[in-house]
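Novice: Quick one: the structure is below, and I'll ask about it shortly.
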Amino acid sequence: MPIAYSEIVMEHFKHPRNVGEIEDHDGKAIEGSPACGDMVAVYLKVDPESHRIADIKFESYGCASNIATGSIITEMAKGKTIEEAREISWKQASEALGGLPPIKTHCSVLAVDGLRAAIQNYEERHGLIKEWVPTTIEVVRKRLKRVMNPLTGLDVIRTKLVSENDIELQDGIVRVVVDLPSNHQFATNIREEIVEKIEPLWDVDKVEVEFTE
Amino acid sequence: MSQDVIYLDNSAATRLDERVLEAMRPYLFDTYAVATSQFGYTPGIEARDALDAARATIAGKLGATLEELVFTSGSTESSNMALKGVALALAEKKGRHIITTRIEDFPVLYSARALEKQGFRVTYLEVDEHGLVDLDKLRDAIISETILVSIQAANQEIGTLQDLAAIGQVCRDSGVLFHTDATHSFPRVPLDVREVPVDLVTVTAHLIHGPKGVGGLYVRKGTPLIKWMDGGFQEANRRAGTENISSAVGYAKAVELVTQEETERLREMRDRLIKRLLHIPHSRLNGHPTLRLPHNANVSFRFVEGESILLHLDMLGFAVSTGSACFSRSLEASHVMMGIGGNHERAHGSVRFTFGRFNKAGDVDAVADAIAEVIEKLRAISPLGKE
């Protein structure tokens with residue numbers, strides 16, 4: 001069938017695995033919002049001794065790549081320790097799905113973020129966070145590596161849309177300059193994603209995104 | 001396309017009618033000569049006559065004279081020609097201000113944006129929740145430098161029909177030219193330029209079972225318009241390029257084949273589909289309840305996403321369209337859905353169904369059943385809308 005999605009993506013889209021809610025979950029996260037587009041919820045049941053993921057479920061309000069990625073990462077994460085599961089990358093998920101169209105990266109990264117956020121939620125609730133690390137430029141850069149330019153499917157750091165000097169940090173305000181015109185096709189998109197990724201940092205109050213022209 | 005696909009995207013493209021193809025055939029294989037002047041060779045004169053006859057049919061349907069219809073390559077070219085042609089003609093003489101709406105289709109919207117880059121100022125009128133233009137807002141927007149108002153006849157996504165007569169009167173009273181994009185309405189929704197004060201009208205063949213790549217621009221006699229497709233002196237020196245005679249003939253045939261009776265049949269299918277879709281919980285009609293294209297139904301379903309709906313329907317053998325950002329090439333939610341005061345969420349779950357000549361009465365229940373099943377399936381995996 002002449003469809004942009006691989007057969008594996010379509011298979012997971014048609015028959016998503018591990019769908020639903022875990023009522024007595026140990027960790028939970030919702031990434032994205034109905035206002036900005038796709039949304040994914042991830043629920044974890046974790047064995048308290050081994051920290052292995054005993055059960056994992058997800059729900060999706062999104063497109064086929066969002067649903068398929070949610071399905072595959074829950075399959076990949078089940079049975080792993082939280083440390084191992086946290087290391088599951090978008091790239092691995094995408095490869096397991098037989099590849100995703102670059103323009104769909106955003107929707108699928110959301111599901112991977114959902115898993116990591118659910119693990120973090122579990123750790124926070126169970127006193128496993130060692131210390132509150134203050135946000136640095138490096139922390140911001142690391143988060144921006146998850147913001148994709150939908151045209152290329154590559155992140156804004158790797159494609160040098162945001163270089164080191166383009167990030168400023170002062171009194172809880174993060175300022176990011178993106179090397180794109182403000183009327184670029186994906187400017188709004190990229191702005192929303194940057195805010196989405198940086199704002200949840202515990203010591204960040206405000207995120208300002210600017211464009212070079 | 002496989003015979004068993006139920007095609008409900010007739011506002012994107014339509015299946016060619018065999019009778020149109022039969023009408024075109026002689027001008028592809030027999031009278032294929034270029035249209036010549038009356039002093040040319042016989043095949044060329046025959047070609048010229050065929051072109052004139054096609055022009056007469058389409059112009060006649062618009063209530064226009066022969067000289068007032070220019071054949072183009074389709075509605076994108078027609079709207080470019082209208083906006084850019086008037087802008088270039090009047091920039092020095094009158095001003096550089098253009099008024100349009102936020103919900104126009106891309107040819108008008110992006111012609112306006114291109115003109116903005118050339119130093120023109122454009123006002124994009126807001127519309128109400130049904131997509132209708134407010135006449136007072138239009139009056140307020142017109143200034144002495146305004147050279148053109150471009151407001152669509154019918155919306156491409158939500159099907160809302162504007163009151164062209166009233167809008168045209170406002171423009172006429174203010175001495176401003178009025179262009180309308182009637183791509184989605186003509187001739188199913190009649191438009192007679194002797195009754196409606198409109199100066200330029202974009203029309204096209206491919207949405208009424210005619211060939212792709214042919215359309216027209218009605219230009220009221222005396223309307224200033226700079227020629228911007230340069231080359232030969234075709235179309236009374238208003239648009240260069242060898243005349244596409246077979247397609248023009250096909251277009252005229254397609255116009256003739258649109259009947260009131262057929263339009264009523266499409267309207268009945270539309271109404272029954274809307275009724276059935278609104279029985280699905282958390283669904284909502286987009287566009288005006290009565291002032292809408294006879295063949296357009298557009299409904300938003302909450303808690304689910306349009307591309308997922310579309311893919312599931314595709315697997316079940318239905319072709320529809322959605323305003324979801326996930327489906328668009330720019331990842332932007334439909335500007336029409338945002339323009340009618342919707343939010344991303346409403347655009348996200350919006351589905352457009354457009355009927356055509358080859359739809360059968362049974363298609364309505366088939367797609368209504370399928371969509372109910374798909375929505376239920378997707379809501380079962382959605383984190384939203386749970387009790």
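Letters for chains follow the order of the structure tokens (A, B, ...), residue numbers begin at 1 for each chain, and ligand numbers begin at 1 in the order shown.
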For the contact check between chain B and chain A, emit one row per residue of chain B within 12 Å, containing the shortest atom pair and the distance in Å rounded to one decimal, counting only C-alpha atoms, chain then rising number order, as JSON lines.

Specialist:
```
{"residue": "B:Arg113", "atom": "CA", "partner": "A:Asn183", "partner_atom": "CA", "distance": 11.4}
{"residue": "B:Phe301", "atom": "CA", "partner": "A:Tyr61", "partner_atom": "CA", "distance": 11.9}
{"residue": "B:Arg302", "atom": "CA", "partner": "A:Tyr61", "partner_atom": "CA", "distance": 9.9}
{"residue": "B:Phe303", "atom": "CA", "partner": "A:Tyr61", "partner_atom": "CA", "distance": 6.5}
{"residue": "B:Val304", "atom": "CA", "partner": "A:Tyr61", "partner_atom": "CA", "distance": 5.7}
{"residue": "B:Glu305", "atom": "CA", "partner": "A:Gly62", "partner_atom": "CA", "distance": 5.3}
{"residue": "B:Gly306", "atom": "CA", "partner": "A:Cys63", "partner_atom": "CA", "distance": 7.3}
{"residue": "B:Glu307", "atom": "CA", "partner": "A:Cys63", "partner_atom": "CA", "distance": 5.4}
{"residue": "B:Ser308", "atom": "CA", "partner": "A:Cys63", "partner_atom": "CA", "distance": 4.9}
{"residue": "B:Ile309", "atom": "CA", "partner": "A:Cys63", "partner_atom": "CA", "distance": 8.5}
{"residue": "B:Leu310", "atom": "CA", "partner": "A:Cys63", "partner_atom": "CA", "distance": 9.6}
{"residue": "B:Leu311", "atom": "CA", "partner": "A:Ala64", "partner_atom": "CA", "distance": 7.8}
{"residue": "B:His312", "atom": "CA", "partner": "A:Lys14", "partner_atom": "CA", "distance": 7.8}
{"residue": "B:Leu313", "atom": "CA", "partner": "A:Lys14", "partner_atom": "CA", "distance": 11.4}
{"residue": "B:Asp314", "atom": "CA", "partner": "A:Ile3", "partner_atom": "CA", "distance": 10.4}
{"residue": "B:Met315", "atom": "CA", "partner": "A:Lys14", "partner_atom": "CA", "distance": 9.4}
{"residue": "B:Leu316", "atom": "CA", "partner": "A:Lys14", "partner_atom": "CA", "distance": 11.5}
{"residue": "B:Thr322", "atom": "CA", "partner": "A:Cys63", "partner_atom": "CA", "distance": 11.8}
{"residue": "B:Gly323", "atom": "CA", "partner": "A:Gly37", "partner_atom": "CA", "distance": 11.9}
{"residue": "B:Ser324", "atom": "CA", "partner": "A:Gly37", "partner_atom": "CA", "distance": 8.6}
{"residue": "B:Ala325", "atom": "CA", "partner": "A:Gly37", "partner_atom": "CA", "distance": 7.3}
{"residue": "B:Cys326", "atom": "CA", "partner": "A:Cys63", "partner_atom": "CA", "distance": 6.5}
{"residue": "B:Phe327", "atom": "CA", "partner": "A:Cys63", "partner_atom": "CA", "distance": 8.4}
{"residue": "B:Ser328", "atom": "CA", "partner": "A:Ile103", "partner_atom": "CA", "distance": 10.1}
{"residue": "B:Arg329", "atom": "CA", "partner": "A:Ile103", "partner_atom": "CA", "distance": 8.3}
{"residue": "B:Ser330", "atom": "CA", "partner": "A:Gln185", "partner_atom": "CA", "distance": 6.4}
{"residue": "B:Leu331", "atom": "CA", "partner": "A:Phe186", "partner_atom": "CA", "distance": 7.7}
{"residue": "B:Glu332", "atom": "CA", "partner": "A:Asn189", "partner_atom": "CA", "distance": 8.0}
{"residue": "B:Ala333", "atom": "CA", "partner": "A:Gly37", "partner_atom": "CA", "distance": 8.6}
{"residue": "B:Met338", "atom": "CA", "partner": "A:Ala35", "partner_atom": "CA", "distance": 11.7}
{"residue": "B:Gly342", "atom": "CA", "partner": "A:Ala35", "partner_atom": "CA", "distance": 10.7}
{"residue": "B:Asn343", "atom": "CA", "partner": "A:Ala35", "partner_atom": "CA", "distance": 7.0}
{"residue": "B:His344", "atom": "CA", "partner": "A:Ala35", "partner_atom": "CA", "distance": 5.5}
{"residue": "B:Glu345", "atom": "CA", "partner": "A:Pro34", "partner_atom": "CA", "distance": 5.5}
{"residue": "B:Arg346", "atom": "CA", "partner": "A:Ala35", "partner_atom": "CA", "distance": 9.3}
{"residue": "B:Ala347", "atom": "CA", "partner": "A:Gly37", "partner_atom": "CA", "distance": 9.4}
{"residue": "B:His348", "atom": "CA", "partner": "A:Gly37", "partner_atom": "CA", "distance": 6.9}
{"residue": "B:Gly349", "atom": "CA", "partner": "A:Gly62", "partner_atom": "CA", "distance": 9.6}
{"residue": "B:Val374", "atom": "CA", "partner": "A:Lys14", "partner_atom": "CA", "distance": 10.7}
{"residue": "B:Ile375", "atom": "CA", "partner": "A:Tyr61", "partner_atom": "CA", "distance": 11.6}
{"residue": "B:Lys377", "atom": "CA", "partner": "A:Lys14", "partner_atom": "CA", "distance": 9.9}
{"residue": "B:Leu378", "atom": "CA", "partner": "A:Tyr61", "partner_atom": "CA", "distance": 8.1}
{"residue": "B:Arg379", "atom": "CA", "partner": "A:Tyr61", "partner_atom": "CA", "distance": 8.2}
{"residue": "B:Ala380", "atom": "CA", "partner": "A:Gly20", "partner_atom": "CA", "distance": 7.9}
{"residue": "B:Ile381", "atom": "CA", "partner": "A:Glu59", "partner_atom": "CA", "distance": 5.1}
{"residue": "B:Ser382", "atom": "CA", "partner": "A:Ser60", "partner_atom": "CA", "distance": 4.8}
{"residue": "B:Pro383", "atom": "CA", "partner": "A:Glu59", "partner_atom": "CA", "distance": 5.2}
{"residue": "B:Leu384", "atom": "CA", "partner": "A:Tyr61", "partner_atom": "CA", "distance": 7.2}
{"residue": "B:Gly385", "atom": "CA", "partner": "A:Tyr61", "partner_atom": "CA", "distance": 10.2}
{"residue": "B:Lys386", "atom": "CA", "partner": "A:Glu21", "partner_atom": "CA", "distance": 10.7}
```

Novice: Any chance you could export the current selection's N, CA and C atoms as a compact mmCIF listing (two decimals), in the first residue's frame?

Specialist:
```txt
# COMPACT_ATOMS: atom_id res chain seq x y z
N ARG B 113 -0.26 37.26 0.70
CA ARG B 113 1.00 37.32 1.46
C ARG B 113 2.17 37.71 0.55
N PHE B 301 -14.91 15.57 16.07
CA PHE B 301 -15.13 14.58 17.12
C PHE B 301 -14.10 14.83 18.21
N ARG B 302 -14.57 15.04 19.44
CA ARG B 302 -13.62 15.33 20.52
C ARG B 302 -12.86 14.08 20.96
N PHE B 303 -11.70 14.32 21.51
CA PHE B 303 -10.84 13.30 22.15
C PHE B 303 -10.13 12.37 21.16
N VAL B 304 -10.28 12.63 19.86
CA VAL B 304 -9.59 11.79 18.88
C VAL B 304 -8.93 12.67 17.83
N GLU B 305 -7.98 12.09 17.11
CA GLU B 305 -7.17 12.87 16.18
C GLU B 305 -7.49 12.48 14.74
N GLY B 306 -7.51 13.48 13.87
CA GLY B 306 -7.98 13.30 12.51
C GLY B 306 -7.17 12.36 11.63
N GLU B 307 -5.84 12.40 11.75
CA GLU B 307 -5.05 11.52 10.88
C GLU B 307 -5.32 10.06 11.23
N SER B 308 -5.48 9.79 12.51
CA SER B 308 -5.79 8.43 12.93
C SER B 308 -7.16 8.00 12.39
N ILE B 309 -8.12 8.92 12.44
CA ILE B 309 -9.45 8.62 11.89
C ILE B 309 -9.32 8.31 10.40
N LEU B 310 -8.58 9.20 9.71
CA LEU B 310 -8.42 9.07 8.26
C LEU B 310 -7.78 7.73 7.88
N LEU B 311 -6.74 7.33 8.63
CA LEU B 311 -6.04 6.08 8.31
C LEU B 311 -6.93 4.87 8.55
N HIS B 312 -7.67 4.91 9.66
CA HIS B 312 -8.59 3.80 9.92
C HIS B 312 -9.67 3.73 8.83
N LEU B 313 -10.19 4.88 8.45
CA LEU B 313 -11.22 4.88 7.40
C LEU B 313 -10.64 4.39 6.08
N ASP B 314 -9.39 4.76 5.84
CA ASP B 314 -8.72 4.30 4.61
C ASP B 314 -8.66 2.77 4.59
N MET B 315 -8.32 2.21 5.73
CA MET B 315 -8.23 0.74 5.80
C MET B 315 -9.59 0.10 5.59
N LEU B 316 -10.64 0.83 5.97
CA LEU B 316 -12.00 0.31 5.78
C LEU B 316 -12.54 0.66 4.39
N THR B 322 -9.10 15.73 6.63
CA THR B 322 -9.15 16.26 7.99
C THR B 322 -8.39 17.57 8.12
N GLY B 323 -8.78 18.39 9.10
CA GLY B 323 -8.09 19.66 9.36
C GLY B 323 -7.03 19.53 10.43
N SER B 324 -6.72 18.29 10.81
CA SER B 324 -5.74 18.08 11.88
C SER B 324 -4.35 18.52 11.45
N ALA B 325 -3.61 19.07 12.42
CA ALA B 325 -2.23 19.49 12.15
C ALA B 325 -1.38 18.30 11.72
N CYS B 326 -1.66 17.13 12.29
CA CYS B 326 -0.84 15.95 11.99
C CYS B 326 -0.92 15.57 10.52
N PHE B 327 -2.00 15.94 9.89
CA PHE B 327 -2.22 15.53 8.51
C PHE B 327 -1.64 16.54 7.53
N SER B 328 -1.44 17.79 7.98
CA SER B 328 -1.02 18.82 7.05
C SER B 328 0.48 18.77 6.80
N ARG B 329 0.87 19.25 5.66
CA ARG B 329 2.29 19.23 5.30
C ARG B 329 3.11 20.19 6.16
N SER B 330 2.44 21.17 6.75
CA SER B 330 3.17 22.15 7.55
C SER B 330 3.06 21.85 9.04
N LEU B 331 2.34 20.79 9.42
CA LEU B 331 2.07 20.46 10.82
C LEU B 331 1.26 21.56 11.50
N GLU B 332 0.62 22.41 10.71
CA GLU B 332 -0.20 23.46 11.30
C GLU B 332 -1.65 23.03 11.23
N ALA B 333 -2.37 23.31 12.29
CA ALA B 333 -3.80 23.02 12.28
C ALA B 333 -4.45 23.89 11.21
N MET B 338 -9.07 27.29 12.87
CA MET B 338 -8.60 28.28 13.84
C MET B 338 -9.34 29.60 13.61
N GLY B 342 -12.10 28.20 16.45
CA GLY B 342 -11.83 26.87 16.99
C GLY B 342 -10.49 26.87 17.67
N ASN B 343 -10.16 25.79 18.33
CA ASN B 343 -8.85 25.65 18.91
C ASN B 343 -8.21 24.46 18.21
N HIS B 344 -6.96 24.18 18.59
CA HIS B 344 -6.28 23.04 18.00
C HIS B 344 -7.09 21.77 18.18
N GLU B 345 -7.73 21.67 19.34
CA GLU B 345 -8.44 20.43 19.65
C GLU B 345 -9.58 20.19 18.67
N ARG B 346 -10.29 21.28 18.34
CA ARG B 346 -11.41 21.10 17.42
C ARG B 346 -10.92 20.79 16.01
N ALA B 347 -9.81 21.42 15.63
CA ALA B 347 -9.22 21.14 14.32
C ALA B 347 -8.70 19.70 14.28
N HIS B 348 -8.10 19.30 15.42
CA HIS B 348 -7.47 17.99 15.56
C HIS B 348 -8.43 16.86 15.18
N GLY B 349 -9.66 16.96 15.61
CA GLY B 349 -10.61 15.86 15.38
C GLY B 349 -11.64 16.18 14.31
N VAL B 374 -14.85 3.66 14.17
CA VAL B 374 -13.48 4.18 14.31
C VAL B 374 -13.37 5.12 15.51
N ILE B 375 -14.35 5.98 15.66
CA ILE B 375 -14.30 6.94 16.78
C ILE B 375 -14.33 6.18 18.11
N LYS B 377 -13.31 3.17 18.68
CA LYS B 377 -12.03 2.48 18.83
C LYS B 377 -10.94 3.45 19.31
N LEU B 378 -10.89 4.63 18.71
CA LEU B 378 -9.84 5.59 19.08
C LEU B 378 -10.11 6.21 20.45
N ARG B 379 -11.38 6.40 20.78
CA ARG B 379 -11.67 6.96 22.10
C ARG B 379 -11.31 5.97 23.20
N ALA B 380 -11.38 4.69 22.87
CA ALA B 380 -11.04 3.67 23.87
C ALA B 380 -9.57 3.75 24.26
N ILE B 381 -8.71 4.28 23.38
CA ILE B 381 -7.29 4.38 23.73
C ILE B 381 -6.88 5.81 24.06
N SER B 382 -7.85 6.73 24.12
CA SER B 382 -7.52 8.14 24.37
C SER B 382 -7.52 8.44 25.86
N PRO B 383 -6.53 9.24 26.33
CA PRO B 383 -6.52 9.62 27.74
C PRO B 383 -7.59 10.67 28.06
N LEU B 384 -8.23 11.20 27.01
CA LEU B 384 -9.20 12.27 27.22
C LEU B 384 -10.63 11.74 27.15
N GLY B 385 -11.52 12.48 27.79
CA GLY B 385 -12.95 12.19 27.65
C GLY B 385 -13.42 10.98 28.42
N LYS B 386 -12.61 10.56 29.42
CA LYS B 386 -13.06 9.41 30.20
C LYS B 386 -14.03 9.88 31.28
```

Novice: Tell me, as a PyMOL selection string, which residues lie within 10 Å of Ala12 (chain B), counting only C-alpha atoms; anything in the same chain fewer than 3 positions away does not count.

Specialist: chain B and resi 8-9+156-157+184+206-207+320-321+354

Novice: Would you export the selected residues with N, CA and C atoms as a compact mmCIF listing (two decimals), in the first residue's frame, please?

Specialist:
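Output saved as result-v2.txt:
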```txt
# COMPACT_ATOMS: atom_id res chain seq x y z
N LEU B 8 -15.07 10.18 -0.67
CA LEU B 8 -15.83 11.31 -0.11
C LEU B 8 -14.92 12.52 0.04
N ASP B 9 -14.08 12.74 -0.96
CA ASP B 9 -13.17 13.88 -0.92
C ASP B 9 -13.31 14.68 -2.22
N GLN B 156 -13.62 26.14 1.49
CA GLN B 156 -13.11 24.86 1.04
C GLN B 156 -13.24 23.76 2.09
N GLU B 157 -13.23 24.11 3.35
CA GLU B 157 -13.26 23.06 4.38
C GLU B 157 -14.62 22.93 5.05
N HIS B 184 -15.21 26.25 -5.15
CA HIS B 184 -15.95 25.15 -4.53
C HIS B 184 -17.46 25.23 -4.74
N HIS B 206 -12.08 20.98 -12.14
CA HIS B 206 -11.76 19.65 -11.59
C HIS B 206 -12.62 19.22 -10.39
N LEU B 207 -13.46 20.12 -9.87
CA LEU B 207 -14.32 19.73 -8.76
C LEU B 207 -15.74 19.39 -9.21
N VAL B 320 -11.56 10.34 3.03
CA VAL B 320 -12.07 11.60 3.57
C VAL B 320 -10.88 12.53 3.82
N SER B 321 -11.15 13.71 4.39
CA SER B 321 -10.08 14.67 4.65
C SER B 321 -10.21 15.19 6.08
N THR B 354 -17.03 15.19 1.44
CA THR B 354 -17.62 15.93 0.33
C THR B 354 -18.10 14.95 -0.74
```

Novice: Name the residues in contact with Arg143 (chain A) at a cut-off of 10 Å, using only C-alpha atoms, excluding same-chain residues fewer than 6 positions from it; report them as a count of residues only.

Specialist: 7

Novice: So how many Å separate CA of Ser182 (chain A) and CA of Glu213 (chain A), to one decimal?

Specialist: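 About the pair CA of Ser182 (chain A) and CA of Glu213 (chain A): they are 6.0 Å apart.
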
Novice: Enter the distance from CA of Val127 (chain B) to CA of Ser111 (chain B), in Å, rounded to one decimal.

Specialist: 19.6 Å
